[in-house]
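Peer 1: One structure is given below, represented as structure tokens, and several questions about it will come after.
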Amino acid sequence: MKRLVRAVLLVASSAAGAFAAREGSSPFDVTACDIVIEVRPPAADAGSGEGTIRAQATLGFRRSSPLVRIVSFRLNGALTVTKVAAPDGAALPFVVRDKGALLQRIEIDDPSPTTDSTAPPADERILIAYEGPLRARVGDVTLALVEKERAFAFSAAGWYPLANVSDHFRATVTATAPKALVFVSNGTPALVAADDSTRTVRYSDEKPVAYLSFALGAYTVRRARHGDVDFSVSLYHDDGPLAERYLGEMEKIVDFYSERFGPYPFSGLALVEVDDRFALPRGTSALLLVTSSFLNDHFPDRFADELRVIAHEIAHQWWANLVAIDSPDDHWLNEGFAEYSALLYHEHRDGPERLHAYLRRVASTAVLPSGGDAVPLARGSELQNGPALLYAASKGAYVLHMLRIRLGDDKFFALLRAWAARFHFGRASTADFVALATEFGGAEALGGFFEQWLRSAAVPDLAVHLASTTAGEGGGRVRGSIDGMPPGFRAPVDLRFEAGLQSADVTIDCSAPRTPFEVTLRFAPERVCLDPLGKLLRRPQPKAIEDALIDADALFFFNRYEEAAARFRDALAIDPYEPRALFGLGRTWLALGESEIAESTLARVDADLLTGDRHIVAWTEIYRGIALDRLGRRDDAKVAYSAALRTGDNTNGARELAEEGLRHPIPERPVR
């Protein structure tokens, strides 16, 4: 399931991106949006009928030129526009174009007040009234619906008039809905009025927003104030402990990002549960819409996919809602920045080892968009469907990680803070980011970096070839080459040479498709591991890993443990964080009686990377328990057996053996 979650991450946001790619930028900027809306769920006796909304939006805007005559907005295709008017109430002519199942375009013939093209832009206002059913689907994703006990609308559903997807505007949302239900939108709520059947609330924020969404339901709302930010969690069911856990994590994430990127942009942050038909969590300005399936009744002991996605969406408060992109081609600035921000929190929360492991996972989706040719990140308008968006997020995150290595942490995080400060509540482009990064890193140090990773679709497909190894009395001399660097690319590549428990790291500057090397070591190496810390984005080698694992498992089955260990280590030489290889090697060390090495190896197995292999998680903890018992660490062994039971897996009698381990140390026996 987690692999599926990862594969469809950010699909919902592709709708907003697609609007921008299709429509382009409007010749005017929206500066204010005041919405008055009544949400009307279907009557209790209406069966499964759909509800409606009735709304009017008063929009402030500024033309790019006084000569612009036509202003246009996109609106949900199921809605009917009933009135368009000037501030004095005079009706304005309009026409509906491109009416589709999701969106329609409302063109308003509103002559500008002057024909003087040199006059400075002036603020203007216009009113659009509309009503009808609210529905929106993109593939299997529902972006808006109104039902009896719940409703929601994501910004991309066009539930209010949209212009540029990257405008920042002052907004209020004044909503009337059944009194039994709670309405939640962007900003801070204030009660306006209430009667026996309805309640009217107004949401606003003193800061400009980029996107507006809302949700309606029979929510239980928990609130907390932390620092200068009001946090809230709204759930369909009354689960105080769950709400408190999410409030706590939201506070920690915002604290961490505020330290790294600059102050949190808004006065509040609300997390609101929505129907699973919404498919995935999404972050709009000060508001997170989170599907029920993501709201687990507990967090795993370590960083889970669910929490990482929440961290990704909170990061959008800075990267999309504070700093907006200048054009669809810059989309990686939103998604890549948000994804890497989540990885930074991941590193902060669980340590650098977990970051390195997760980078290997990111690499699997950062190489090629599914079902198509590679596209450079700088051509983001071509990366608008779900898989391509995932590619943009993953490759963008890896590019930022490589930039961090180039600059060093101090300069890199100073760059991110400067990026947020310089373009706050404004738009920025890839060219803007390259220019700012060059200010921090220098043109010489970053020469060719952005050309390689943003404007080229090529990715290194590296392999190490050892030509000869000469063993001497004091060590060994190794000659070989690193192959597979794309033409025109240049990057440092780390090699780790190993023999038994000895290792040595060497960095080779690769600037050609084949780069020869010759190194002298203090020992004669048995194997070489390419890029052990994942510093470089390169093509994964799944077939080579699978071949090594198949061989190793067969050798283990026939009790050829030394040979099995060698093949498991061959797999780890390709990917040092491959969890199945770590599991197999740890199990093999245990069979060889090396309990201390077995336990330390098994402790490195990353449960979050074992998608669909929960039985390995259970048996990893059982083997750890056995190793810990053999080392005389009984209390730690009990913790491991308990962790095995929490997986709920009983493959090959895992539950019974874990329960036995809790009762007493498991006697010496062959490892299964």
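Identifiers in this document derive from the order of the structure tokens: chains are assigned A, B, ..., residues are numbered from 1 separately in each chain, and ligands are numbered from 1 in order of occurrence.
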Sort by chain and increasing residue number a table of all residues of region 440-545 of chain A within 8 Å of region 571-580 of chain A, each with its closest pair of atoms and their distance in Å to one decimal, counting only C-alpha atoms, and write it as a Markdown table.

Peer 2:
```
| residue | atom | partner | partner_atom | distance |
| --- | --- | --- | --- | --- |
| A:Arg527 | CA | A:Ala573 | CA | 7.4 |
| A:Val528 | CA | A:Ala573 | CA | 6.4 |
| A:Cys529 | CA | A:Ala573 | CA | 4.2 |
| A:Leu530 | CA | A:Ile574 | CA | 6.5 |
| A:Pro532 | CA | A:Pro576 | CA | 6.2 |
| A:Gln541 | CA | A:Ile574 | CA | 7.4 |
| A:Ala544 | CA | A:Ala571 | CA | 7.4 |
| A:Ile545 | CA | A:Ala571 | CA | 5.0 |
```

Peer 1: Counting only C-alpha atoms, give me one row per residue of region 141-168 of chain A with an atom at most 12 Å from an atom of region 181-201 of chain A, showing the shortest contact pair and its distance in Å to one decimal, sorted by chain then residue number, as CSV.

Peer 2:
```
residue,atom,partner,partner_atom,distance
A:Glu147,CA,A:Leu181,CA,11.7
A:Lys148,CA,A:Leu181,CA,10.0
A:Glu149,CA,A:Leu181,CA,7.3
A:Arg150,CA,A:Leu181,CA,8.0
A:Ala151,CA,A:Phe183,CA,9.0
A:Phe152,CA,A:Val184,CA,9.2
A:Ala153,CA,A:Ser185,CA,9.7
A:Phe154,CA,A:Ser185,CA,10.2
A:Ser155,CA,A:Asn186,CA,10.7
```

Peer 1: Please provide the set of residues having any atom within 12 Å of Thr647 (chain A), restricted to only C-alpha atoms, with same-chain residues fewer than 2 positions apart removed, written as number ranges by chain.

Peer 2: A: 300-301, 607, 613-622, 640-645, 649-651, 654-655, 658

Peer 1: Could you save the residues just selected, with N, CA and C atoms, as a CSV table (one decimal), in the first residue's frame?

Peer 2:
```csv
chain,number,residue,atom,x,y,z
A,300,PRO,N,3.8,5.0,13.6
A,300,PRO,CA,4.9,4.0,13.8
A,300,PRO,C,6.0,4.6,14.6
A,301,ASP,N,6.9,3.8,15.1
A,301,ASP,CA,8.0,4.2,15.9
A,301,ASP,C,8.9,5.2,15.1
A,607,ALA,N,12.1,-0.3,8.1
A,607,ALA,CA,10.8,-0.9,7.9
A,607,ALA,C,10.0,-0.1,6.8
A,613,ASP,N,6.3,-6.1,2.3
A,613,ASP,CA,7.1,-7.2,2.9
A,613,ASP,C,7.0,-7.1,4.4
A,614,ARG,N,5.8,-7.0,5.0
A,614,ARG,CA,5.7,-6.8,6.4
A,614,ARG,C,6.2,-8.0,7.2
A,615,HIS,N,6.2,-9.2,6.5
A,615,HIS,CA,6.7,-10.4,7.3
A,615,HIS,C,8.2,-10.2,7.5
A,616,ILE,N,9.0,-9.5,6.7
A,616,ILE,CA,10.4,-9.3,6.9
A,616,ILE,C,10.6,-8.4,8.1
A,617,VAL,N,9.7,-7.4,8.3
A,617,VAL,CA,9.7,-6.5,9.4
A,617,VAL,C,9.6,-7.4,10.7
A,618,ALA,N,8.6,-8.3,10.7
A,618,ALA,CA,8.4,-9.1,11.9
A,618,ALA,C,9.6,-10.0,12.2
A,619,TRP,N,10.1,-10.6,11.2
A,619,TRP,CA,11.2,-11.5,11.4
A,619,TRP,C,12.5,-10.8,11.7
A,620,THR,N,12.7,-9.6,11.2
A,620,THR,CA,13.8,-8.8,11.6
A,620,THR,C,13.8,-8.6,13.1
A,621,GLU,N,12.7,-8.2,13.6
A,621,GLU,CA,12.6,-8.0,15.1
A,621,GLU,C,12.8,-9.3,15.9
A,622,ILE,N,12.3,-10.4,15.4
A,622,ILE,CA,12.5,-11.7,16.1
A,622,ILE,C,14.0,-12.0,16.1
A,640,ALA,N,12.3,-5.9,21.2
A,640,ALA,CA,12.3,-6.4,19.8
A,640,ALA,C,11.1,-7.3,19.6
A,641,TYR,N,10.9,-8.3,20.5
A,641,TYR,CA,9.8,-9.2,20.3
A,641,TYR,C,8.5,-8.5,20.3
A,642,SER,N,8.3,-7.5,21.1
A,642,SER,CA,7.1,-6.7,21.2
A,642,SER,C,6.9,-6.0,19.8
A,643,ALA,N,7.9,-5.5,19.3
A,643,ALA,CA,7.8,-4.8,18.0
A,643,ALA,C,7.4,-5.8,16.9
A,644,ALA,N,7.9,-7.0,17.0
A,644,ALA,CA,7.5,-8.1,16.0
A,644,ALA,C,6.0,-8.3,16.1
A,645,LEU,N,5.5,-8.4,17.3
A,645,LEU,CA,4.0,-8.6,17.5
A,645,LEU,C,3.2,-7.5,17.0
A,649,ASP,N,1.9,-9.6,11.8
A,649,ASP,CA,2.2,-10.6,10.8
A,649,ASP,C,2.5,-11.9,11.5
A,650,ASN,N,2.0,-13.0,10.9
A,650,ASN,CA,2.3,-14.3,11.5
A,650,ASN,C,2.8,-15.3,10.5
A,651,THR,N,3.6,-14.8,9.5
A,651,THR,CA,4.2,-15.6,8.5
A,651,THR,C,5.2,-16.6,9.1
A,654,ALA,N,5.5,-16.4,13.0
A,654,ALA,CA,6.2,-15.3,13.7
A,654,ALA,C,5.6,-14.9,15.0
A,655,ARG,N,4.2,-14.9,15.0
A,655,ARG,CA,3.6,-14.5,16.3
A,655,ARG,C,3.9,-15.4,17.4
A,658,ALA,N,7.5,-14.9,18.6
A,658,ALA,CA,7.7,-13.7,19.3
A,658,ALA,C,7.1,-13.8,20.7
```

Peer 1: Show me, as a tab-separated table, the residues of region 376-433 of chain A having an atom within 8 Å of region 319-336 of chain A, each with the closest atom pair and its distance in Å, using only C-alpha atoms.

Peer 2:
```
residue	atom	partner	partner_atom	distance
A:Leu377	CA	A:Trp332	CA	6.4
A:Ala378	CA	A:Asp329	CA	5.8
A:Arg379	CA	A:Asp329	CA	4.8
A:Gly380	CA	A:Asp329	CA	3.7
A:Ser381	CA	A:Asp329	CA	4.6
A:Glu382	CA	A:Asp329	CA	7.6
A:Leu389	CA	A:Glu335	CA	7.7
A:Ala392	CA	A:Trp332	CA	5.4
A:Ala393	CA	A:Gly336	CA	4.1
A:Ser394	CA	A:Gly336	CA	6.3
A:Lys395	CA	A:Gly336	CA	6.9
A:Gly396	CA	A:Gly336	CA	3.9
A:Ala397	CA	A:Gly336	CA	4.5
A:Tyr398	CA	A:Gly336	CA	7.9
A:Leu400	CA	A:Gly336	CA	7.7
A:Ala420	CA	A:Val323	CA	6.4
A:Phe423	CA	A:Val323	CA	5.7
A:His424	CA	A:Val323	CA	5.3
A:Phe425	CA	A:Leu322	CA	4.8
A:Gly426	CA	A:Val323	CA	5.7
A:Arg427	CA	A:Ala324	CA	4.6
A:Ala428	CA	A:Asp326	CA	5.0
A:Ser429	CA	A:Asp326	CA	5.1
A:Thr430	CA	A:Asp330	CA	5.7
```

Peer 1: Just to confirm, what's the straight-line distance from CA of Ile314 (chain A) to CA of Gly283 (chain A) in Å (one decimal)?

Peer 2: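 Value for the CA of Ile314 (chain A)-CA of Gly283 (chain A) distance: 6.4 Å.
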
Peer 1: Once DSSP has gone over the backbone, tell me which residues of region 362-470 of chain A are in alpha helix (DSSP H), as a ChimeraX atom specification.

Peer 2: /A:362-363,386-407,409-422,430-441,449-453

Peer 1: Name all residues at most 6 Å from Gly132 (chain A) (count only C-alpha atoms; drop same-chain ones fewer than 3 positions away) and give them as a ChimeraX atom specification.

Peer 2: /A:52-53,79

Peer 1: If we count only C-alpha atoms and set the cut-off at 10 Å, which residues sit around region 252-265 of chain A, ignoring sequence neighbours fewer than 5 positions away in its own chain? Please answer as a compact mmCIF listing (two decimals) with all heavy atoms, in the first residue's frame.

Peer 2:
```txt
# COMPACT_ATOMS: atom_id res chain seq x y z
N LYS A 207 -2.48 37.94 6.16
CA LYS A 207 -1.51 37.77 5.10
C LYS A 207 -2.21 37.34 3.80
O LYS A 207 -3.27 36.71 3.83
CB LYS A 207 -0.49 36.70 5.48
CG LYS A 207 0.28 37.03 6.75
CD LYS A 207 1.18 38.23 6.58
CE LYS A 207 1.94 38.56 7.85
NZ LYS A 207 2.83 37.48 8.27
N PRO A 208 -1.63 37.65 2.65
CA PRO A 208 -2.23 37.20 1.38
C PRO A 208 -2.17 35.68 1.25
O PRO A 208 -1.26 35.03 1.78
CB PRO A 208 -1.35 37.86 0.31
CG PRO A 208 -0.57 38.91 1.01
CD PRO A 208 -0.44 38.47 2.44
N VAL A 209 -3.13 35.12 0.55
CA VAL A 209 -3.16 33.69 0.30
C VAL A 209 -3.01 33.45 -1.19
O VAL A 209 -3.18 34.35 -2.01
CB VAL A 209 -4.46 33.05 0.83
CG1 VAL A 209 -4.61 33.28 2.32
CG2 VAL A 209 -5.67 33.57 0.07
N HIS A 226 0.59 27.64 19.64
CA HIS A 226 2.01 27.36 19.85
C HIS A 226 2.79 28.51 19.24
O HIS A 226 2.72 28.76 18.03
CB HIS A 226 2.38 26.03 19.18
CG HIS A 226 3.82 25.66 19.33
ND1 HIS A 226 4.36 25.25 20.52
CD2 HIS A 226 4.84 25.66 18.43
CE1 HIS A 226 5.64 24.98 20.35
NE2 HIS A 226 5.96 25.23 19.09
N GLY A 227 3.52 29.23 20.09
CA GLY A 227 4.18 30.43 19.60
C GLY A 227 3.15 31.43 19.14
O GLY A 227 2.22 31.77 19.86
N ASP A 228 3.30 31.90 17.89
CA ASP A 228 2.36 32.87 17.34
C ASP A 228 1.35 32.23 16.39
O ASP A 228 0.66 32.93 15.66
CB ASP A 228 3.13 33.96 16.57
CG ASP A 228 4.03 34.78 17.49
OD1 ASP A 228 3.65 34.96 18.66
OD2 ASP A 228 5.10 35.21 17.03
N VAL A 229 1.27 30.91 16.39
CA VAL A 229 0.44 30.20 15.41
C VAL A 229 -0.68 29.45 16.12
O VAL A 229 -0.45 28.76 17.12
CB VAL A 229 1.29 29.21 14.57
CG1 VAL A 229 0.42 28.52 13.51
CG2 VAL A 229 2.46 29.93 13.92
N TYR A 246 -1.38 14.66 16.18
CA TYR A 246 -1.18 15.47 14.98
C TYR A 246 -0.88 16.92 15.32
O TYR A 246 -0.04 17.55 14.66
CB TYR A 246 -2.40 15.37 14.06
CG TYR A 246 -2.29 14.22 13.09
CD1 TYR A 246 -2.86 12.99 13.36
CD2 TYR A 246 -1.56 14.36 11.93
CE1 TYR A 246 -2.74 11.93 12.49
CE2 TYR A 246 -1.42 13.30 11.04
CZ TYR A 246 -2.01 12.09 11.32
OH TYR A 246 -1.87 11.03 10.47
N LEU A 247 -1.52 17.46 16.32
CA LEU A 247 -1.19 18.82 16.74
C LEU A 247 0.28 18.92 17.14
O LEU A 247 0.99 19.87 16.76
CB LEU A 247 -2.08 19.25 17.92
CG LEU A 247 -3.52 19.63 17.59
CD1 LEU A 247 -4.34 19.77 18.88
CD2 LEU A 247 -3.59 20.94 16.80
N SER A 285 -3.18 27.44 1.47
CA SER A 285 -2.71 28.45 2.42
C SER A 285 -3.35 28.27 3.79
O SER A 285 -4.56 28.42 3.95
CB SER A 285 -3.04 29.85 1.88
OG SER A 285 -2.49 30.04 0.59
N ALA A 286 -2.52 27.91 4.78
CA ALA A 286 -2.93 27.76 6.18
C ALA A 286 -3.92 26.62 6.40
O ALA A 286 -4.51 26.53 7.48
CB ALA A 286 -3.50 29.07 6.73
N ILE A 310 2.46 14.61 5.30
CA ILE A 310 2.00 15.79 6.05
C ILE A 310 3.10 16.85 6.07
O ILE A 310 2.85 18.05 5.87
CB ILE A 310 1.62 15.40 7.49
CG1 ILE A 310 0.41 14.44 7.48
CG2 ILE A 310 1.30 16.64 8.31
CD1 ILE A 310 -0.85 15.03 6.92
N ALA A 311 4.35 16.42 6.29
CA ALA A 311 5.46 17.36 6.29
C ALA A 311 5.63 18.01 4.92
O ALA A 311 5.95 19.20 4.82
CB ALA A 311 6.75 16.65 6.71
N HIS A 312 5.41 17.24 3.86
CA HIS A 312 5.47 17.79 2.50
C HIS A 312 4.42 18.87 2.31
O HIS A 312 4.71 19.96 1.79
CB HIS A 312 5.26 16.64 1.50
CG HIS A 312 5.18 17.06 0.07
ND1 HIS A 312 6.13 16.73 -0.86
CD2 HIS A 312 4.24 17.76 -0.61
CE1 HIS A 312 5.79 17.23 -2.04
NE2 HIS A 312 4.63 17.85 -1.91
N ILE A 314 2.82 20.66 4.61
CA ILE A 314 3.10 21.84 5.44
C ILE A 314 4.20 22.68 4.78
O ILE A 314 4.16 23.92 4.82
CB ILE A 314 3.48 21.43 6.87
CG1 ILE A 314 2.27 20.81 7.58
CG2 ILE A 314 4.00 22.63 7.66
CD1 ILE A 314 2.56 20.32 8.98
N ALA A 315 5.17 22.04 4.14
CA ALA A 315 6.24 22.79 3.47
C ALA A 315 5.68 23.68 2.37
O ALA A 315 6.28 24.72 2.04
CB ALA A 315 7.27 21.82 2.89
N GLN A 317 3.40 25.64 2.63
CA GLN A 317 3.09 26.96 3.18
C GLN A 317 4.18 27.97 2.80
O GLN A 317 3.91 29.16 2.61
CB GLN A 317 2.93 26.89 4.70
CG GLN A 317 1.89 25.89 5.17
CD GLN A 317 0.53 26.14 4.55
OE1 GLN A 317 0.04 27.26 4.55
NE2 GLN A 317 -0.06 25.09 3.99
N TRP A 318 5.40 27.48 2.66
CA TRP A 318 6.51 28.32 2.20
C TRP A 318 6.64 28.23 0.67
O TRP A 318 6.69 29.24 0.00
CB TRP A 318 7.83 27.89 2.84
CG TRP A 318 8.01 28.33 4.26
CD1 TRP A 318 8.69 29.43 4.70
CD2 TRP A 318 7.51 27.68 5.44
NE1 TRP A 318 8.65 29.51 6.07
CE2 TRP A 318 7.94 28.45 6.55
CE3 TRP A 318 6.76 26.53 5.67
CZ2 TRP A 318 7.63 28.09 7.87
CZ3 TRP A 318 6.46 26.17 6.97
CH2 TRP A 318 6.87 26.95 8.06
N TRP A 319 6.69 27.00 0.17
CA TRP A 319 7.01 26.78 -1.25
C TRP A 319 5.74 26.53 -2.05
O TRP A 319 5.34 25.42 -2.27
CB TRP A 319 7.99 25.62 -1.40
CG TRP A 319 9.06 25.57 -0.36
CD1 TRP A 319 9.36 24.53 0.43
CD2 TRP A 319 9.97 26.64 0.01
NE1 TRP A 319 10.41 24.84 1.27
CE2 TRP A 319 10.80 26.13 1.04
CE3 TRP A 319 10.16 27.94 -0.43
CZ2 TRP A 319 11.80 26.90 1.62
CZ3 TRP A 319 11.16 28.70 0.17
CH2 TRP A 319 11.97 28.18 1.17
N ASN A 321 2.77 28.73 -1.36
CA ASN A 321 1.88 29.71 -0.77
C ASN A 321 2.59 31.00 -0.38
O ASN A 321 1.99 32.08 -0.44
CB ASN A 321 1.18 29.10 0.45
CG ASN A 321 0.25 27.98 0.05
OD1 ASN A 321 -0.55 28.13 -0.85
ND2 ASN A 321 0.36 26.84 0.71
N LEU A 322 3.85 30.92 0.02
CA LEU A 322 4.64 32.13 0.30
C LEU A 322 5.38 32.56 -0.97
O LEU A 322 5.25 33.68 -1.44
CB LEU A 322 5.63 31.88 1.43
CG LEU A 322 6.54 33.07 1.78
CD1 LEU A 322 5.74 34.24 2.32
CD2 LEU A 322 7.62 32.64 2.78
N SER A 341 12.05 19.44 1.70
CA SER A 341 11.76 19.93 3.05
C SER A 341 11.30 18.79 3.95
O SER A 341 11.71 18.69 5.11
CB SER A 341 10.69 21.03 3.00
OG SER A 341 11.13 22.13 2.24
N ALA A 342 10.44 17.93 3.40
CA ALA A 342 9.98 16.76 4.18
C ALA A 342 11.15 15.85 4.52
O ALA A 342 11.22 15.30 5.63
CB ALA A 342 8.91 16.00 3.40
N LEU A 344 14.23 16.83 4.91
CA LEU A 344 15.01 17.52 5.94
C LEU A 344 14.40 17.29 7.32
O LEU A 344 15.12 17.08 8.31
CB LEU A 344 15.07 19.02 5.64
CG LEU A 344 15.90 19.43 4.42
CD1 LEU A 344 15.72 20.92 4.15
CD2 LEU A 344 17.37 19.09 4.62
N TYR A 345 13.07 17.34 7.39
CA TYR A 345 12.43 17.06 8.67
C TYR A 345 12.65 15.59 9.05
O TYR A 345 12.88 15.27 10.22
CB TYR A 345 10.94 17.37 8.61
CG TYR A 345 10.25 17.14 9.94
CD1 TYR A 345 10.53 17.96 11.03
CD2 TYR A 345 9.35 16.09 10.11
CE1 TYR A 345 9.93 17.74 12.26
CE2 TYR A 345 8.74 15.87 11.34
CZ TYR A 345 9.05 16.69 12.41
OH TYR A 345 8.46 16.47 13.63
N HIS A 346 12.59 14.74 8.06
CA HIS A 346 12.87 13.32 8.22
C HIS A 346 14.26 13.13 8.83
O HIS A 346 14.46 12.38 9.78
CB HIS A 346 12.78 12.70 6.82
CG HIS A 346 13.06 11.27 6.67
ND1 HIS A 346 12.15 10.29 6.94
CD2 HIS A 346 14.16 10.63 6.21
CE1 HIS A 346 12.67 9.11 6.65
NE2 HIS A 346 13.88 9.29 6.21
N HIS A 348 16.04 15.44 10.47
CA HIS A 348 16.04 16.06 11.80
C HIS A 348 15.40 15.15 12.84
O HIS A 348 15.91 15.03 13.96
CB HIS A 348 15.28 17.39 11.72
CG HIS A 348 14.93 17.99 13.03
ND1 HIS A 348 15.86 18.60 13.85
CD2 HIS A 348 13.73 18.08 13.68
CE1 HIS A 348 15.26 19.03 14.94
NE2 HIS A 348 13.98 18.74 14.87
N ARG A 349 14.33 14.51 12.45
CA ARG A 349 13.57 13.69 13.40
C ARG A 349 14.23 12.35 13.68
O ARG A 349 14.23 11.87 14.82
CB ARG A 349 12.16 13.47 12.85
CG ARG A 349 11.18 12.77 13.77
CD ARG A 349 9.81 12.69 13.11
NE ARG A 349 8.79 12.18 13.99
CZ ARG A 349 8.44 10.89 14.08
NH1 ARG A 349 9.07 10.01 13.35
NH2 ARG A 349 7.48 10.52 14.91
N PHE A 412 23.78 26.59 2.24
CA PHE A 412 22.55 26.06 1.66
C PHE A 412 21.33 26.57 2.42
O PHE A 412 20.35 27.05 1.82
CB PHE A 412 22.57 24.54 1.65
CG PHE A 412 21.30 23.92 1.13
CD1 PHE A 412 21.02 23.91 -0.23
CD2 PHE A 412 20.38 23.33 1.99
CE1 PHE A 412 19.85 23.35 -0.72
CE2 PHE A 412 19.21 22.76 1.51
CZ PHE A 412 18.95 22.77 0.14
N PHE A 413 21.37 26.50 3.74
CA PHE A 413 20.19 26.93 4.50
C PHE A 413 20.07 28.46 4.51
O PHE A 413 18.96 28.98 4.58
CB PHE A 413 20.24 26.35 5.91
CG PHE A 413 19.99 24.86 5.92
CD1 PHE A 413 20.98 23.97 6.29
CD2 PHE A 413 18.78 24.35 5.50
CE1 PHE A 413 20.76 22.61 6.27
CE2 PHE A 413 18.54 22.98 5.47
CZ PHE A 413 19.54 22.11 5.86
N ALA A 414 21.19 29.15 4.40
CA ALA A 414 21.11 30.61 4.22
C ALA A 414 20.45 30.93 2.88
O ALA A 414 19.67 31.89 2.77
CB ALA A 414 22.50 31.22 4.29
N LEU A 415 20.73 30.13 1.87
CA LEU A 415 20.10 30.30 0.56
C LEU A 415 18.59 30.12 0.66
O LEU A 415 17.82 30.93 0.11
CB LEU A 415 20.69 29.30 -0.44
CG LEU A 415 19.95 29.10 -1.76
CD1 LEU A 415 19.94 30.37 -2.58
CD2 LEU A 415 20.58 27.95 -2.56
N LEU A 416 18.12 29.08 1.34
CA LEU A 416 16.69 28.85 1.47
C LEU A 416 16.01 30.00 2.21
O LEU A 416 14.91 30.43 1.83
CB LEU A 416 16.42 27.53 2.18
CG LEU A 416 16.85 26.25 1.44
CD1 LEU A 416 16.33 25.02 2.17
CD2 LEU A 416 16.40 26.24 -0.01
N ARG A 417 16.65 30.50 3.26
CA ARG A 417 16.06 31.62 3.99
C ARG A 417 16.01 32.87 3.11
O ARG A 417 15.02 33.62 3.14
CB ARG A 417 16.85 31.88 5.28
CG ARG A 417 16.65 30.80 6.34
CD ARG A 417 17.24 31.23 7.68
NE ARG A 417 18.70 31.29 7.63
CZ ARG A 417 19.50 30.25 7.87
NH1 ARG A 417 18.99 29.06 8.15
NH2 ARG A 417 20.81 30.40 7.84
N ALA A 418 17.05 33.08 2.33
CA ALA A 418 17.06 34.24 1.44
C ALA A 418 16.01 34.11 0.34
O ALA A 418 15.38 35.08 -0.06
CB ALA A 418 18.45 34.41 0.82
N TRP A 419 15.82 32.89 -0.16
CA TRP A 419 14.81 32.62 -1.19
C TRP A 419 13.41 32.98 -0.66
O TRP A 419 12.63 33.65 -1.35
CB TRP A 419 14.90 31.16 -1.59
CG TRP A 419 13.93 30.66 -2.60
CD1 TRP A 419 12.95 29.73 -2.41
CD2 TRP A 419 13.87 31.01 -3.99
NE1 TRP A 419 12.28 29.48 -3.58
CE2 TRP A 419 12.82 30.26 -4.57
CE3 TRP A 419 14.58 31.88 -4.80
CZ2 TRP A 419 12.47 30.36 -5.91
CZ3 TRP A 419 14.24 31.98 -6.14
CH2 TRP A 419 13.20 31.23 -6.68
N ALA A 420 13.11 32.54 0.56
CA ALA A 420 11.80 32.83 1.14
C ALA A 420 11.64 34.32 1.42
O ALA A 420 10.55 34.88 1.24
CB ALA A 420 11.60 32.02 2.42
N ALA A 421 12.70 34.99 1.86
CA ALA A 421 12.61 36.40 2.22
C ALA A 421 12.54 37.29 0.98
O ALA A 421 11.77 38.26 0.94
CB ALA A 421 13.81 36.79 3.08
N HIS A 424 9.00 36.68 -0.89
CA HIS A 424 7.83 36.38 -0.07
C HIS A 424 6.58 37.05 -0.64
O HIS A 424 6.60 38.21 -1.05
CB HIS A 424 8.07 36.79 1.38
CG HIS A 424 8.04 38.26 1.62
ND1 HIS A 424 9.01 39.12 1.18
CD2 HIS A 424 7.14 39.03 2.28
CE1 HIS A 424 8.72 40.34 1.54
NE2 HIS A 424 7.59 40.33 2.21
N PHE A 425 5.52 36.28 -0.69
CA PHE A 425 4.23 36.69 -1.26
C PHE A 425 4.42 37.29 -2.66
O PHE A 425 3.77 38.26 -3.04
CB PHE A 425 3.51 37.66 -0.33
CG PHE A 425 3.14 37.04 0.98
CD1 PHE A 425 3.67 37.52 2.17
CD2 PHE A 425 2.29 35.94 1.02
CE1 PHE A 425 3.34 36.92 3.38
CE2 PHE A 425 1.96 35.34 2.23
CZ PHE A 425 2.48 35.83 3.41
```

Peer 1: Report the distance between CA of Ala86 (chain A) and CA of Ala177 (chain A) in Å, rounded to one decimal place.

Peer 2: 27.6 Å

Peer 1: Considering only C-alpha atoms, can you say which of A:Ala566, A:Glu444, A:Ala467, A:Pro352 comes closest to Thr588 (chain A)?

Peer 2: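 Nearest candidate to Thr588 (chain A) out of A:Ala566, A:Glu444, A:Ala467, A:Pro352: A:Ala566.
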
Peer 1: Env of Ala491 (chain A): 9 Å cut, atoms = only C-alpha atoms, seq-sep filter 5 positions within chain, self excluded. Answer as a PyMOL selection string.

Peer 2: chain A and resi 449+485+508-511+536
